[in-house]
Amino acid sequence: MVERDNSRRRWLPVAGWLLAVLCAAVAGWWAASRVTQPPEISTPMASTTTVAVVEGSVEVAQEYGIDATWQASPLGVNGYSGTLTHLGVSPAGTRLDVGDVAYSVDLQPAVMAVGAIPAFRTLETGDEGADVKQLQRFLKSQGFDPGSVNGRYGSSTADAVDRWSAHLGLPMDGRVPLGRIVFVPSLPATIATVPGARLGLRVQPGDELLTGPSGEPRFTFRVLPEDVGRTVEGMQVSMRVGEDVWRAEVASLAADPDTGATIAVLRPVTGATSICGDDCADAVAVGNQAVLPGTLVIVPQTSGAQVPTTAIGADAKGVTFVTMASGERRPVTVKASSDGASIVSGVDAGERVVITSAGA
């Protein structure tokens, strides 16, 4: 019995040493495995968010100052000698029509009429020519019938002249003195006085007292550098003139020869013949320049089904699509985009589309 106990005591230290060695070996293996394994990387999980398709609208517009320039050229020729006693037009321009009085010299009126040939002589019975025919057309347009419009100054024309003279409060002598009529190519027209014209000014036959526009004003604007690539022919432009809005469209783009900046030239909108019509003088004087507040419509207002632009993807063939809440990938056509929103066709308001964002 004593011998068995002594034997057990001899093996206890050996067993303890073996256990210690085993534990050390296990601990070393675990440590080595942790060192050789690559570190774990936290990978953000992709989360999906759905949003409802809504009815909306998109428009992109840029404010600009529109330069309006109205070139002028001499119009008509004065035939009187004397002092300016009345001016029926302003330096900025006044709209005149056939029969209107443009000015008076020594209280004698200068009346506007249409004709390609300037007045160059006193007209009276026995005269013939194209200027007589212009006078006859004028008389007939004013309600004083001269009979046949044949270019021959006969008694019927003289009688019509007397009735017209009486209407103006002038002597009736059957004659039209030089200066009484100012022939211009077309009327109505916006007509201005030449610089320096004023009451009391002494004038002579042949003086150019009036100016008229060479066509319509020219409307342009300098395109912002960031807008050059997306400004194209046909884009709509509106200009505010008082309570009115003038509408135009981009006709062409050209480089300014002095600065190299891109200049957009405007034209009337399709189907129109004028940008400002009869109201041009409301904003710019003949022979002068003005700057009008305007708006360039880069993306016209477009309405329809609106989705966040981030919900739109494109496949390898370039087909745009959205992913529906059900997981369906549905093709859509993008009609307009601005400020993170897009108007599309192919989905309806009330449906839900997916926006995918990492870590959301």
# chains A, B, ... in the order shown; residues from 1 in each chain; ligands from 1

$ residues_around --residues "Asp97 of chain A" --least-positions-apart "3" --cutoff "8 Å" --atoms "only C-alpha atoms" --output "PyMOL selection string"
chain A and resi 100+112-113+187-189

$ residues_around --residues "segment 207-222 of chain A" --least-positions-apart "2" --cutoff "6 Å" --atoms "only C-alpha atoms" --output "number ranges by chain"
A: 66-75, 77-78, 191-194, 204-205, 262-266, 286

$ write_last_selection --atoms "C-alpha atoms" --output "compact mmCIF listing (two decimals), in the first residue's frame"
# COMPACT_ATOMS: atom_id res chain seq x y z
CA ILE A 66 -30.05 91.20 -74.12
CA ASP A 67 -28.35 93.89 -76.23
CA ALA A 68 -30.80 95.61 -78.58
CA THR A 69 -29.15 97.76 -81.28
CA TRP A 70 -31.19 99.75 -83.79
CA GLN A 71 -29.23 101.09 -86.73
CA ALA A 72 -30.58 104.23 -88.41
CA SER A 73 -30.18 105.89 -91.79
CA PRO A 74 -31.39 109.23 -93.21
CA LEU A 75 -35.02 109.15 -94.24
CA VAL A 77 -35.45 115.02 -97.66
CA ASN A 78 -36.64 118.42 -96.45
CA ILE A 191 -39.05 107.77 -87.35
CA ALA A 192 -36.69 109.95 -85.32
CA THR A 193 -35.09 113.35 -85.73
CA VAL A 194 -31.41 113.61 -86.58
CA GLN A 204 -32.66 124.52 -96.13
CA PRO A 205 -33.99 122.36 -98.98
CA THR A 262 -19.47 83.60 -77.98
CA ILE A 263 -22.33 85.85 -79.10
CA ALA A 264 -25.86 84.53 -79.68
CA VAL A 265 -27.85 86.33 -82.38
CA LEU A 266 -31.65 86.22 -82.03
CA VAL A 286 -33.58 104.53 -83.39

$ select_by_dssp --residues "segment 179-341 of chain A" --states "strand (DSSP E or B)" --output "ChimeraX atom specification"
/A:181-184,189-193,202-203,210-213,218-222,236-241,244-255,262-268,289-308,312-314,320-324,329-331,333-338,341

$ select_by_dssp --residues "segment 69-296 of chain A" --states "alpha helix (DSSP H)" --output "list in words"
Ala130, Asp131, Val132, Lys133, Gln134, Leu135, Gln136, Arg137, Phe138, Leu139, Lys140, Ser141, Ser155, Ser156, Thr157, Ala158, Asp159, Ala160, Val161, Asp162, Arg163, Trp164, Ser165, Ala166, His167 and Leu168 of chain A

$ write_last_selection --atoms "C-alpha atoms" --output "PDB file, in the first residue's frame"
ATOM      1  CA  ALA A 130     -43.689 109.069-111.168  1.00  0.00           C
ATOM      2  CA  ASP A 131     -43.771 111.683-108.397  1.00  0.00           C
ATOM      3  CA  VAL A 132     -47.235 112.795-109.595  1.00  0.00           C
ATOM      4  CA  LYS A 133     -48.409 109.186-109.449  1.00  0.00           C
ATOM      5  CA  GLN A 134     -47.076 108.950-105.850  1.00  0.00           C
ATOM      6  CA  LEU A 135     -49.070 112.095-104.993  1.00  0.00           C
ATOM      7  CA  GLN A 136     -52.236 110.654-106.572  1.00  0.00           C
ATOM      8  CA  ARG A 137     -51.888 107.407-104.581  1.00  0.00           C
ATOM      9  CA  PHE A 138     -51.410 109.440-101.409  1.00  0.00           C
ATOM     10  CA  LEU A 139     -54.500 111.572-102.055  1.00  0.00           C
ATOM     11  CA  LYS A 140     -56.617 108.502-102.764  1.00  0.00           C
ATOM     12  CA  SER A 141     -55.408 106.796 -99.523  1.00  0.00           C
ATOM     13  CA  SER A 155     -58.004 119.120-113.023  1.00  0.00           C
ATOM     14  CA  SER A 156     -59.199 116.103-111.006  1.00  0.00           C
ATOM     15  CA  THR A 157     -55.863 115.922-109.213  1.00  0.00           C
ATOM     16  CA  ALA A 158     -55.854 119.700-108.622  1.00  0.00           C
ATOM     17  CA  ASP A 159     -59.358 119.499-107.148  1.00  0.00           C
ATOM     18  CA  ALA A 160     -58.299 116.667-104.830  1.00  0.00           C
ATOM     19  CA  VAL A 161     -55.265 118.714-103.743  1.00  0.00           C
ATOM     20  CA  ASP A 162     -57.530 121.670-102.864  1.00  0.00           C
ATOM     21  CA  ARG A 163     -59.785 119.478-100.745  1.00  0.00           C
ATOM     22  CA  TRP A 164     -56.747 118.040 -98.941  1.00  0.00           C
ATOM     23  CA  SER A 165     -55.330 121.574 -98.412  1.00  0.00           C
ATOM     24  CA  ALA A 166     -58.614 122.725 -96.906  1.00  0.00           C
ATOM     25  CA  HIS A 167     -58.542 119.749 -94.571  1.00  0.00           C
ATOM     26  CA  LEU A 168     -55.116 120.933 -93.333  1.00  0.00           C
TER      27      LEU A 168
END

$ closest_residue --among "A:Val354, A:Val228, A:Val241, A:Ile298" --to "Cys280 of chain A" --atoms "only C-alpha atoms"
A:Val241
